[in-house]
There are 2 protein chains.
Amino acid sequence: MTVTLADVAAHARVSPATVSRVLNGNYPVAAATRERVLRAVSELDYVVNGPASALAAATSDLVGILVNDIADPFFGIMAGAAQAHLNAPADPSAPVRTNGERLAVVCNTGGSPARELTYLTLLQRQRAAAVILTGGAIEDDEHSAAVAAKLARLAEAGTRIVLCGRPALSGPGAGPVHATLSFDNRAGARRLTEHLLGLGHTRIGYVAGPAERTTTRHRLEGHRDALSAAGVAHDPALVLHGSYDRASGRAAAAQLLSAAPDLTAIVAANDTIALGVCAGARERGLRIPEDLSVTGFDDLPSATDAVPALTTVRLPLYEAGARAGALATGAGVPGGVEVVPAELVVRGSTKAPL
Amino acid sequence: MTVTLADVAAHARVSPATVSRVLNGNYPVAAATRERVLRAVSELDYVVNGPASALAAATSDLVGILVNDIADPFFGIMAGAAQAHLNAPADPSAPVRTNGERLAVVCNTGGSPARELTYLTLLQRQRAAAVILTGGAIEDDEHSAAVAAKLARLAEAGTRIVLCGRPALSGPGAGPVHATLSFDNRAGARRLTEHLLGLGHTRIGYVAGPAERTTTRHRLEGHRDALSAAGVAHDPALVLHGSYDRASGRAAAAQLLSAAPDLTAIVAANDTIALGVCAGARERGLRIPEDLSVTGFDDLPSATDAVPALTTVRLPLYEAGARAGALATGAGVPGGVEVVPAELVVRGSTKAPL
DNA sequence: TTCCGCGTAGAAAGCGCTTTCTATACGCTG
DNA sequence: CAGCGTATAGAAAGCGCTTTCTACGCGGAA
């Protein structure tokens with residue numbers, strides 16, 4: 001039925017061991033022999049049996065990328081970049097690169113703690129080579145402990161763990177993590193609000209993400225830090241929590257603007273929410289930025305092209321994803337934590353209040 | 001080191017065969033024995049070794065979802081839906097559902113033919129249970145033949161093939177395909193242009209996607225069909241090809257509007273391009289829809305929330321993805337082709353020309 | 001010439017699981 | 001009570017690959 005390594009060996013008149021060695025290139029094989037084997041491989045159109053290989057070698061070429069929402073470009077960009085950089089760069093000198101190729105798999109948790117654990121188990125079952133966890137973590141002691149335990153078991157079995165856009169684990173949980181790319185959400189958020197304060201805004205609304213996410217908390221803290229540093233009283237009534245989507249921003253804008261019509265600016269927890277806020281504000285007849293300044297976060301492609309273009313905080317998502325891919329294949333020092341900078345980008349959606 | 005099935009068997013004082021049977025539930029096991037085994041499983045925190053299981057059973061629980069661009073919500077929505085519907089519905093009666101859970105993996109081809117084939121090989125290597133190919137296919141005889149050959153080999157090895165948003169394969173290549181969900185791009189595009197013609201537009205620009213994609217071609221054909229049915233001459237100079245992104249739409253709008261300032265409407269090949277077209281038109285001082293009508297395609301979330309909301313064609317992406325997930329697990333009749341309807345949605349971005 | 005070392009290839013023992021085939025112990029029927 | 005079907009559990013043979021250990025042949029050192 002399907003061609004096996006033994007078939008190739010028979011065809012090339014060598015032993016299975018030799019075929020394996022040619023394919024994996026980790027043992028000297030005479031040039032003539034290698035040539036013969038490679039010819040047999042292509043003549044028979046042989047494809048390695050992944051499970052068998054994984055079983056015998058006790059490792060696999062699977063890399064899992066966990067994302068909170070696959071329909072959100074924030075994750076799509078990171079996942080795509082990671083995936084692109086996981087496949088080892090093409091090496092023209094090797095005619096058959098069976099090794100080095102990794103199967104990057106994107107797993108969509110939908111933000112559900114249970115599914116996050118389920119996927120980790122599935123990856124553990126597959127003896128994944130690496131796991132990349134992207135985006136904010138859920139702040140729940142029980143869940144955090146469960147994840148830390150899972151990661152420990154994964155690491156024990158040789159799976160490399162990389163966090164991307166998620167704060168470094170501290171304490172005993174940090175052990176199994178190979179590398180962390182943490183986004184400087186706090187500093188970015190602070191700069192954004194400082195920009196608004198500098199423009200003269202003092203009545204500033206805030207549309208936050210889901211309450212239990214680290215990303216949400218850090219961005220909000222940065223905002224508050226800026227306010228208190230400037231001596232502006234923080235009004236909890238001006239902060240609304242919702243999900244990281246457009247509809248949430250639109251609804252929050254409506255609510256915020258009717259409760260506090262004197263707002264001159266609204267800070268959104270990310271670009272998608274910000275675009276929703278813009279839509280909501282326009283429905284109330286407000287012009288942006290003349291009547292209301294709006295800011296986003298992340299600098300997704302849609303932020304650049306919106307009208308007016310969003311003042312936001314640029315997070316180098318592609319670069320971070322690419323780096324995460326590299327780290328997952330072994331780059332970097334074990335236990336390293338790299339802070340990804342968050343850069344203020346001022347565009348048309350902010351202006352001094354009238 | 002790691003707990004194996006034999007360890008569980010020893011702990012439960014039964015044979016490995018019995019443990020396997022309890023876990024897979026495909027053979028009668030006495031209630032008391034099952035109980036003992038399950039306790040041992042949880043006490044030892046046992047996790048099946050996927051590769052070993054896949055090797056012995058000659059099947060795996062991996063399902064590959066190939067997408068052209070993971071950062072595009074068009075694909076993200078379908079992939080997320082498919083993934084959500086691939087995991088068998090939770091069955092409370094079974095305490096340990098080791099089976100039924102599938103590892104849905106999203107593979108990002110980036111639109112590259114080579115990567116499409118690479119991923120198919122990787123999935124073949126893993127002996128994937130199913131492969132879902134989403135989005136338009138690339139129209140190139142050589143590549144089509146290569147893909148068809150790969151699919152044939154995959155099907156031979158028991159992998160189920162599902163096409164989602166891609167035209168049904170015809171001729172000998174259709175054999176291995178289990179099911180096809182084809183989007184009615186042509187009819188949708190025709191209705192859209194008919195809507196514009198009905199409003200009185202006759203000078204209509206068209207911003208198409210990449211030339212070599214089936215989706216691009218079908219949508220453009222629908223547009224032309226509507227024009228010729230209405231007796232409106234088709235001007236090839238009004239059609240521009242680009243990629244399926246915002247920047248492309250913006251650039252195309254600029255080019256189209258300076259070359260043909262008398263245009264009263266621009267049809268974009270999808271919503272993302274349409275938003276770019278809107279941005280480009282505004283930069284030239286045009287109001288939408290008063291000075292220029294713009295239409296999209298797909299009805300992504302951003303189309304609803306844009307200002308003005310886009311007139312577009314709704315494609316039930318979530319439902320299609322969900323259905324593809326179900327088909328990948330065996331639903332539907334082999335060889336079936338289901339046409340996914342494309343429904344015209346009229347919103348604020350279109351209006352009769354002044 | 002003899003012996004050792006090196007380069008290369010084969011033999012064979014698993015990796016951890018599934019599954020067929022076989023064995024045992026019942027509880028029936030006649 | 002003999003004989004048999006049924007329900008349940010174990011033994012053991014692989015699944016296709018990797019890898020250690022072993023073997024062979026040849027060139028150079030002694």
# chains A, B, ... in the order shown; residues from 1 in each chain; ligands from 1
$ interface_residues --of "chain B" --to "chain C" --cutoff "7 Å" --atoms "only C-alpha atoms (C1' of nucleotides)" --output "list of chain:residue names"
B:Thr4, B:Asn49, B:Ala52, B:Ser53, B:Ala56, B:Ala57
$ write_last_selection --atoms "C-alpha atoms" --output "compact mmCIF listing (two decimals), in the first residue's frame"
# COMPACT_ATOMS: atom_id res chain seq x y z
CA THR B 4 3.31 4.77 29.71
CA ASN B 49 1.58 8.93 23.43
CA ALA B 52 2.76 5.53 19.23
CA SER B 53 -0.98 5.40 19.05
CA ALA B 56 -0.18 1.27 15.85
CA ALA B 57 -3.63 2.31 14.72
$ select_by_dssp --residues "region 182-311 of chain A" --states "strand (DSSP E)" --output "PDB file with N, CA and C atoms, in the first residue's frame"
ATOM      1  N   SER A 182       7.992  39.680  26.328  1.00  0.00           N
ATOM      2  CA  SER A 182       6.874  40.364  26.962  1.00  0.00           C
ATOM      3  C   SER A 182       6.690  41.746  26.374  1.00  0.00           C
ATOM      4  N   PHE A 183       5.450  42.073  26.056  1.00  0.00           N
ATOM      5  CA  PHE A 183       5.156  43.365  25.455  1.00  0.00           C
ATOM      6  C   PHE A 183       5.115  44.422  26.544  1.00  0.00           C
ATOM      7  N   ILE A 204     -10.903  62.003  30.344  1.00  0.00           N
ATOM      8  CA  ILE A 204     -10.556  60.932  29.410  1.00  0.00           C
ATOM      9  C   ILE A 204     -11.267  59.640  29.776  1.00  0.00           C
ATOM     10  N   GLY A 205     -12.026  59.111  28.835  1.00  0.00           N
ATOM     11  CA  GLY A 205     -12.684  57.824  29.063  1.00  0.00           C
ATOM     12  C   GLY A 205     -11.740  56.690  28.706  1.00  0.00           C
ATOM     13  N   TYR A 206     -12.018  55.499  29.208  1.00  0.00           N
ATOM     14  CA  TYR A 206     -11.155  54.357  28.905  1.00  0.00           C
ATOM     15  C   TYR A 206     -12.014  53.136  28.623  1.00  0.00           C
ATOM     16  N   VAL A 207     -11.822  52.548  27.469  1.00  0.00           N
ATOM     17  CA  VAL A 207     -12.557  51.322  27.136  1.00  0.00           C
ATOM     18  C   VAL A 207     -11.578  50.157  27.213  1.00  0.00           C
ATOM     19  N   ALA A 208     -11.708  49.376  28.266  1.00  0.00           N
ATOM     20  CA  ALA A 208     -10.764  48.297  28.523  1.00  0.00           C
ATOM     21  C   ALA A 208     -11.235  46.979  27.917  1.00  0.00           C
ATOM     22  N   VAL A 239     -14.158  54.206  33.227  1.00  0.00           N
ATOM     23  CA  VAL A 239     -13.541  52.989  32.696  1.00  0.00           C
ATOM     24  C   VAL A 239     -14.595  51.907  32.499  1.00  0.00           C
ATOM     25  N   LEU A 240     -14.669  51.403  31.290  1.00  0.00           N
ATOM     26  CA  LEU A 240     -15.630  50.350  30.968  1.00  0.00           C
ATOM     27  C   LEU A 240     -14.876  49.118  30.462  1.00  0.00           C
ATOM     28  N   HIS A 241     -15.288  47.945  30.928  1.00  0.00           N
ATOM     29  CA  HIS A 241     -14.661  46.716  30.434  1.00  0.00           C
ATOM     30  C   HIS A 241     -15.539  46.050  29.380  1.00  0.00           C
ATOM     31  N   ALA A 265     -11.738  62.944  25.253  1.00  0.00           N
ATOM     32  CA  ALA A 265     -10.911  61.885  24.666  1.00  0.00           C
ATOM     33  C   ALA A 265     -11.325  60.529  25.212  1.00  0.00           C
ATOM     34  N   ILE A 266     -11.154  59.516  24.373  1.00  0.00           N
ATOM     35  CA  ILE A 266     -11.389  58.145  24.824  1.00  0.00           C
ATOM     36  C   ILE A 266     -10.190  57.298  24.417  1.00  0.00           C
ATOM     37  N   VAL A 267      -9.653  56.617  25.409  1.00  0.00           N
ATOM     38  CA  VAL A 267      -8.544  55.707  25.153  1.00  0.00           C
ATOM     39  C   VAL A 267      -9.123  54.306  25.044  1.00  0.00           C
ATOM     40  N   ALA A 268      -8.824  53.619  23.959  1.00  0.00           N
ATOM     41  CA  ALA A 268      -9.323  52.257  23.796  1.00  0.00           C
ATOM     42  C   ALA A 268      -8.179  51.285  24.034  1.00  0.00           C
ATOM     43  N   SER A 293     -11.053  63.056  20.831  1.00  0.00           N
ATOM     44  CA  SER A 293      -9.837  62.352  20.436  1.00  0.00           C
ATOM     45  C   SER A 293     -10.000  60.886  20.799  1.00  0.00           C
ATOM     46  N   VAL A 294      -9.512  60.017  19.933  1.00  0.00           N
ATOM     47  CA  VAL A 294      -9.616  58.576  20.195  1.00  0.00           C
ATOM     48  C   VAL A 294      -8.247  57.948  19.953  1.00  0.00           C
ATOM     49  N   THR A 295      -7.852  57.022  20.828  1.00  0.00           N
ATOM     50  CA  THR A 295      -6.582  56.329  20.613  1.00  0.00           C
ATOM     51  C   THR A 295      -6.778  54.828  20.653  1.00  0.00           C
TER      52      THR A 295
END
$ interface_residues --of "chain B" --to "chain A" --cutoff "8 Å" --atoms "only C-alpha atoms" --output "VMD selection string"
chain B and resid 2 47 to 52 54 to 55 69 to 77 79 to 80 83 103 to 108 119 121 to 122 124 to 127 157 246 to 247 276 279 302 305 to 307
$ interface_residues --of "chain D" --to "chain A" --cutoff "10 Å" --atoms "only C-alpha atoms (C1' of nucleotides)" --output "list in words"
DC15, DG16, DC17, DT18 and DT19 of chain D
$ write_last_selection --atoms "C-alpha atoms (C1' of nucleotides)" --output "tab-separated table (two decimals), in the first residue's frame"
chain	number	residue	atom	x	y	z
D	15	DC	C1'	3.06	-0.71	13.14
D	16	DG	C1'	7.65	1.93	10.69
D	17	DC	C1'	11.22	4.08	12.33
D	18	DT	C1'	15.89	5.20	15.07
D	19	DT	C1'	20.02	3.89	17.08
$ residues_around --residues "Ala31 (chain B)" --least-positions-apart "5" --cutoff "12 Å" --atoms "only C-alpha atoms (C1' of nucleotides)" --output "list in words"
Val22, Gly25, Arg36, Val37 and Leu38 of chain B; DT8 of chain D
$ write_last_selection --atoms "C-alpha atoms (C1' of nucleotides)" --output "compact mmCIF listing (two decimals), in the first residue's frame"
# COMPACT_ATOMS: atom_id res chain seq x y z
CA VAL B 22 -10.84 1.27 28.30
CA GLY B 25 -13.97 2.28 24.40
CA ARG B 36 -9.89 0.59 38.31
CA VAL B 37 -8.15 1.55 35.11
CA LEU B 38 -9.60 5.04 35.09
C1' DT D 8 -14.25 -10.62 29.57
$ residues_around --residues "Ala9 (chain B)" --least-positions-apart "5" --cutoff "8 Å" --atoms "only C-alpha atoms (C1' of nucleotides)" --output "list in words"
Val14, Ser15, Pro16, Thr18, Val19, Val37 and Ala40 of chain B
$ select_by_dssp --residues "region 162-294 of chain B" --states "alpha helix (DSSP H)" --output "ChimeraX atom specification"
/B:185-199,214-229,246-259,271-283
$ write_last_selection --atoms "C-alpha atoms" --output "PDB file, in the first residue's frame"
ATOM      1  CA  ASN B 185     -19.028  34.036  -5.827  1.00  0.00           C
ATOM      2  CA  ARG B 186     -20.293  34.502  -9.335  1.00  0.00           C
ATOM      3  CA  ALA B 187     -23.952  34.929  -8.459  1.00  0.00           C
ATOM      4  CA  GLY B 188     -23.108  37.172  -5.519  1.00  0.00           C
ATOM      5  CA  ALA B 189     -20.948  39.412  -7.661  1.00  0.00           C
ATOM      6  CA  ARG B 190     -23.625  39.574 -10.321  1.00  0.00           C
ATOM      7  CA  ARG B 191     -26.270  40.652  -7.809  1.00  0.00           C
ATOM      8  CA  LEU B 192     -23.999  43.327  -6.470  1.00  0.00           C
ATOM      9  CA  THR B 193     -23.376  44.872  -9.852  1.00  0.00           C
ATOM     10  CA  GLU B 194     -27.059  44.541 -10.723  1.00  0.00           C
ATOM     11  CA  HIS B 195     -27.810  46.533  -7.586  1.00  0.00           C
ATOM     12  CA  LEU B 196     -25.469  49.261  -8.750  1.00  0.00           C
ATOM     13  CA  LEU B 197     -26.904  49.227 -12.265  1.00  0.00           C
ATOM     14  CA  GLY B 198     -30.385  49.409 -10.784  1.00  0.00           C
ATOM     15  CA  LEU B 199     -29.391  52.556  -8.929  1.00  0.00           C
ATOM     16  CA  THR B 214     -10.392  31.262  -8.784  1.00  0.00           C
ATOM     17  CA  THR B 215     -12.167  33.549  -6.350  1.00  0.00           C
ATOM     18  CA  THR B 216     -10.878  36.580  -8.176  1.00  0.00           C
ATOM     19  CA  ARG B 217     -11.940  35.239 -11.534  1.00  0.00           C
ATOM     20  CA  HIS B 218     -15.429  34.178 -10.470  1.00  0.00           C
ATOM     21  CA  ARG B 219     -16.252  37.472  -8.829  1.00  0.00           C
ATOM     22  CA  LEU B 220     -15.032  39.374 -11.833  1.00  0.00           C
ATOM     23  CA  GLU B 221     -17.042  37.147 -14.152  1.00  0.00           C
ATOM     24  CA  GLY B 222     -20.187  37.782 -12.132  1.00  0.00           C
ATOM     25  CA  HIS B 223     -19.567  41.493 -12.473  1.00  0.00           C
ATOM     26  CA  ARG B 224     -19.128  41.236 -16.232  1.00  0.00           C
ATOM     27  CA  ASP B 225     -22.180  39.037 -16.570  1.00  0.00           C
ATOM     28  CA  ALA B 226     -24.303  41.704 -14.933  1.00  0.00           C
ATOM     29  CA  LEU B 227     -22.836  44.406 -17.125  1.00  0.00           C
ATOM     30  CA  SER B 228     -23.406  42.578 -20.378  1.00  0.00           C
ATOM     31  CA  ALA B 229     -26.888  41.469 -19.332  1.00  0.00           C
ATOM     32  CA  ARG B 246      -6.453  47.384   2.252  1.00  0.00           C
ATOM     33  CA  ALA B 247      -3.377  49.023   0.791  1.00  0.00           C
ATOM     34  CA  SER B 248      -4.135  47.533  -2.564  1.00  0.00           C
ATOM     35  CA  GLY B 249      -7.642  49.007  -2.523  1.00  0.00           C
ATOM     36  CA  ARG B 250      -6.394  52.416  -1.564  1.00  0.00           C
ATOM     37  CA  ALA B 251      -3.819  52.498  -4.329  1.00  0.00           C
ATOM     38  CA  ALA B 252      -6.277  51.176  -6.874  1.00  0.00           C
ATOM     39  CA  ALA B 253      -8.823  53.823  -5.948  1.00  0.00           C
ATOM     40  CA  ALA B 254      -6.284  56.569  -6.459  1.00  0.00           C
ATOM     41  CA  GLN B 255      -5.282  55.180  -9.815  1.00  0.00           C
ATOM     42  CA  LEU B 256      -8.801  54.491 -11.004  1.00  0.00           C
ATOM     43  CA  LEU B 257     -10.139  57.871  -9.962  1.00  0.00           C
ATOM     44  CA  SER B 258      -7.416  59.840 -11.609  1.00  0.00           C
ATOM     45  CA  ALA B 259      -7.634  57.819 -14.807  1.00  0.00           C
ATOM     46  CA  ASP B 271     -14.471  44.124   2.044  1.00  0.00           C
ATOM     47  CA  THR B 272     -10.881  44.757   2.971  1.00  0.00           C
ATOM     48  CA  ILE B 273     -10.117  46.164  -0.440  1.00  0.00           C
ATOM     49  CA  ALA B 274     -13.357  48.154  -0.286  1.00  0.00           C
ATOM     50  CA  LEU B 275     -12.312  49.827   2.942  1.00  0.00           C
ATOM     51  CA  GLY B 276      -9.071  50.758   1.266  1.00  0.00           C
ATOM     52  CA  VAL B 277     -10.990  52.134  -1.688  1.00  0.00           C
ATOM     53  CA  CYS B 278     -13.064  54.262   0.685  1.00  0.00           C
ATOM     54  CA  ALA B 279      -9.908  55.607   2.270  1.00  0.00           C
ATOM     55  CA  GLY B 280      -8.404  56.381  -1.120  1.00  0.00           C
ATOM     56  CA  ALA B 281     -11.545  58.095  -2.347  1.00  0.00           C
ATOM     57  CA  ARG B 282     -11.790  60.250   0.763  1.00  0.00           C
ATOM     58  CA  GLU B 283      -8.236  61.358   0.295  1.00  0.00           C
TER      59      GLU B 283
END
$ decode --residues "region 216-250 of chain B" --atoms "N, CA and C atoms" --output "PDB file, in the first residue's frame"
ATOM      1  N   THR B 216     -11.008  35.338  -7.424  1.00  0.00           N
ATOM      2  CA  THR B 216     -10.878  36.580  -8.176  1.00  0.00           C
ATOM      3  C   THR B 216     -11.622  36.479  -9.506  1.00  0.00           C
ATOM      4  N   ARG B 217     -11.358  35.399 -10.211  1.00  0.00           N
ATOM      5  CA  ARG B 217     -11.940  35.239 -11.534  1.00  0.00           C
ATOM      6  C   ARG B 217     -13.468  35.148 -11.460  1.00  0.00           C
ATOM      7  N   HIS B 218     -13.981  34.351 -10.544  1.00  0.00           N
ATOM      8  CA  HIS B 218     -15.429  34.178 -10.470  1.00  0.00           C
ATOM      9  C   HIS B 218     -16.152  35.472 -10.126  1.00  0.00           C
ATOM     10  N   ARG B 219     -15.596  36.218  -9.201  1.00  0.00           N
ATOM     11  CA  ARG B 219     -16.252  37.472  -8.829  1.00  0.00           C
ATOM     12  C   ARG B 219     -16.244  38.450  -9.993  1.00  0.00           C
ATOM     13  N   LEU B 220     -15.125  38.477 -10.689  1.00  0.00           N
ATOM     14  CA  LEU B 220     -15.032  39.374 -11.833  1.00  0.00           C
ATOM     15  C   LEU B 220     -15.997  38.942 -12.945  1.00  0.00           C
ATOM     16  N   GLU B 221     -16.119  37.647 -13.130  1.00  0.00           N
ATOM     17  CA  GLU B 221     -17.042  37.147 -14.152  1.00  0.00           C
ATOM     18  C   GLU B 221     -18.486  37.511 -13.818  1.00  0.00           C
ATOM     19  N   GLY B 222     -18.826  37.415 -12.538  1.00  0.00           N
ATOM     20  CA  GLY B 222     -20.187  37.782 -12.132  1.00  0.00           C
ATOM     21  C   GLY B 222     -20.449  39.245 -12.461  1.00  0.00           C
ATOM     22  N   HIS B 223     -19.477  40.060 -12.189  1.00  0.00           N
ATOM     23  CA  HIS B 223     -19.567  41.493 -12.473  1.00  0.00           C
ATOM     24  C   HIS B 223     -19.799  41.713 -13.971  1.00  0.00           C
ATOM     25  N   ARG B 224     -18.997  41.069 -14.778  1.00  0.00           N
ATOM     26  CA  ARG B 224     -19.128  41.236 -16.232  1.00  0.00           C
ATOM     27  C   ARG B 224     -20.458  40.710 -16.737  1.00  0.00           C
ATOM     28  N   ASP B 225     -20.888  39.601 -16.173  1.00  0.00           N
ATOM     29  CA  ASP B 225     -22.180  39.037 -16.570  1.00  0.00           C
ATOM     30  C   ASP B 225     -23.277  40.075 -16.387  1.00  0.00           C
ATOM     31  N   ALA B 226     -23.256  40.714 -15.221  1.00  0.00           N
ATOM     32  CA  ALA B 226     -24.303  41.704 -14.933  1.00  0.00           C
ATOM     33  C   ALA B 226     -24.231  42.856 -15.919  1.00  0.00           C
ATOM     34  N   LEU B 227     -22.995  43.288 -16.192  1.00  0.00           N
ATOM     35  CA  LEU B 227     -22.836  44.406 -17.125  1.00  0.00           C
ATOM     36  C   LEU B 227     -23.385  44.053 -18.505  1.00  0.00           C
ATOM     37  N   SER B 228     -22.977  42.893 -19.011  1.00  0.00           N
ATOM     38  CA  SER B 228     -23.406  42.578 -20.378  1.00  0.00           C
ATOM     39  C   SER B 228     -24.901  42.288 -20.421  1.00  0.00           C
ATOM     40  N   ALA B 229     -25.442  41.713 -19.347  1.00  0.00           N
ATOM     41  CA  ALA B 229     -26.888  41.469 -19.332  1.00  0.00           C
ATOM     42  C   ALA B 229     -27.641  42.790 -19.402  1.00  0.00           C
ATOM     43  N   ALA B 230     -27.038  43.835 -18.852  1.00  0.00           N
ATOM     44  CA  ALA B 230     -27.700  45.141 -18.855  1.00  0.00           C
ATOM     45  C   ALA B 230     -27.326  45.957 -20.095  1.00  0.00           C
ATOM     46  N   GLY B 231     -26.519  45.347 -20.922  1.00  0.00           N
ATOM     47  CA  GLY B 231     -26.137  46.043 -22.143  1.00  0.00           C
ATOM     48  C   GLY B 231     -25.137  47.161 -21.922  1.00  0.00           C
ATOM     49  N   VAL B 232     -24.430  47.101 -20.785  1.00  0.00           N
ATOM     50  CA  VAL B 232     -23.423  48.122 -20.520  1.00  0.00           C
ATOM     51  C   VAL B 232     -22.078  47.612 -21.034  1.00  0.00           C
ATOM     52  N   ALA B 233     -21.414  48.416 -21.802  1.00  0.00           N
ATOM     53  CA  ALA B 233     -20.132  47.997 -22.355  1.00  0.00           C
ATOM     54  C   ALA B 233     -19.127  47.818 -21.227  1.00  0.00           C
ATOM     55  N   HIS B 234     -18.329  46.790 -21.345  1.00  0.00           N
ATOM     56  CA  HIS B 234     -17.333  46.532 -20.313  1.00  0.00           C
ATOM     57  C   HIS B 234     -16.002  47.143 -20.722  1.00  0.00           C
ATOM     58  N   ASP B 235     -15.498  48.007 -19.892  1.00  0.00           N
ATOM     59  CA  ASP B 235     -14.247  48.687 -20.202  1.00  0.00           C
ATOM     60  C   ASP B 235     -13.104  48.075 -19.385  1.00  0.00           C
ATOM     61  N   PRO B 236     -12.233  47.314 -20.041  1.00  0.00           N
ATOM     62  CA  PRO B 236     -11.155  46.632 -19.309  1.00  0.00           C
ATOM     63  C   PRO B 236     -10.249  47.598 -18.560  1.00  0.00           C
ATOM     64  N   ALA B 237     -10.211  48.832 -18.988  1.00  0.00           N
ATOM     65  CA  ALA B 237      -9.338  49.801 -18.322  1.00  0.00           C
ATOM     66  C   ALA B 237      -9.841  50.114 -16.913  1.00  0.00           C
ATOM     67  N   LEU B 238     -11.095  49.790 -16.656  1.00  0.00           N
ATOM     68  CA  LEU B 238     -11.656  50.093 -15.331  1.00  0.00           C
ATOM     69  C   LEU B 238     -11.440  48.952 -14.342  1.00  0.00           C
ATOM     70  N   VAL B 239     -10.754  47.909 -14.785  1.00  0.00           N
ATOM     71  CA  VAL B 239     -10.489  46.779 -13.885  1.00  0.00           C
ATOM     72  C   VAL B 239      -9.014  46.756 -13.504  1.00  0.00           C
ATOM     73  N   LEU B 240      -8.744  46.756 -12.198  1.00  0.00           N
ATOM     74  CA  LEU B 240      -7.369  46.726 -11.703  1.00  0.00           C
ATOM     75  C   LEU B 240      -7.179  45.500 -10.814  1.00  0.00           C
ATOM     76  N   HIS B 241      -6.068  44.816 -10.990  1.00  0.00           N
ATOM     77  CA  HIS B 241      -5.791  43.672 -10.119  1.00  0.00           C
ATOM     78  C   HIS B 241      -4.809  44.053  -9.024  1.00  0.00           C
ATOM     79  N   GLY B 242      -4.945  43.417  -7.862  1.00  0.00           N
ATOM     80  CA  GLY B 242      -4.026  43.686  -6.766  1.00  0.00           C
ATOM     81  C   GLY B 242      -4.144  42.561  -5.764  1.00  0.00           C
ATOM     82  N   SER B 243      -3.656  42.775  -4.557  1.00  0.00           N
ATOM     83  CA  SER B 243      -3.807  41.718  -3.567  1.00  0.00           C
ATOM     84  C   SER B 243      -5.046  42.003  -2.728  1.00  0.00           C
ATOM     85  N   TYR B 244      -5.436  40.997  -1.938  1.00  0.00           N
ATOM     86  CA  TYR B 244      -6.655  41.145  -1.150  1.00  0.00           C
ATOM     87  C   TYR B 244      -6.413  41.944   0.121  1.00  0.00           C
ATOM     88  N   ASP B 245      -5.829  43.121   0.015  1.00  0.00           N
ATOM     89  CA  ASP B 245      -5.639  43.885   1.242  1.00  0.00           C
ATOM     90  C   ASP B 245      -6.006  45.354   1.071  1.00  0.00           C
ATOM     91  N   ARG B 246      -6.007  46.012   2.195  1.00  0.00           N
ATOM     92  CA  ARG B 246      -6.453  47.384   2.252  1.00  0.00           C
ATOM     93  C   ARG B 246      -5.594  48.320   1.409  1.00  0.00           C
ATOM     94  N   ALA B 247      -4.298  48.145   1.515  1.00  0.00           N
ATOM     95  CA  ALA B 247      -3.377  49.023   0.791  1.00  0.00           C
ATOM     96  C   ALA B 247      -3.633  48.942  -0.705  1.00  0.00           C
ATOM     97  N   SER B 248      -3.885  47.739  -1.149  1.00  0.00           N
ATOM     98  CA  SER B 248      -4.135  47.533  -2.564  1.00  0.00           C
ATOM     99  C   SER B 248      -5.384  48.304  -3.009  1.00  0.00           C
ATOM    100  N   GLY B 249      -6.413  48.299  -2.183  1.00  0.00           N
ATOM    101  CA  GLY B 249      -7.642  49.007  -2.523  1.00  0.00           C
ATOM    102  C   GLY B 249      -7.431  50.511  -2.584  1.00  0.00           C
ATOM    103  N   ARG B 250      -6.654  50.986  -1.636  1.00  0.00           N
ATOM    104  CA  ARG B 250      -6.394  52.416  -1.564  1.00  0.00           C
ATOM    105  C   ARG B 250      -5.645  52.888  -2.808  1.00  0.00           C
TER     106      ARG B 250
END
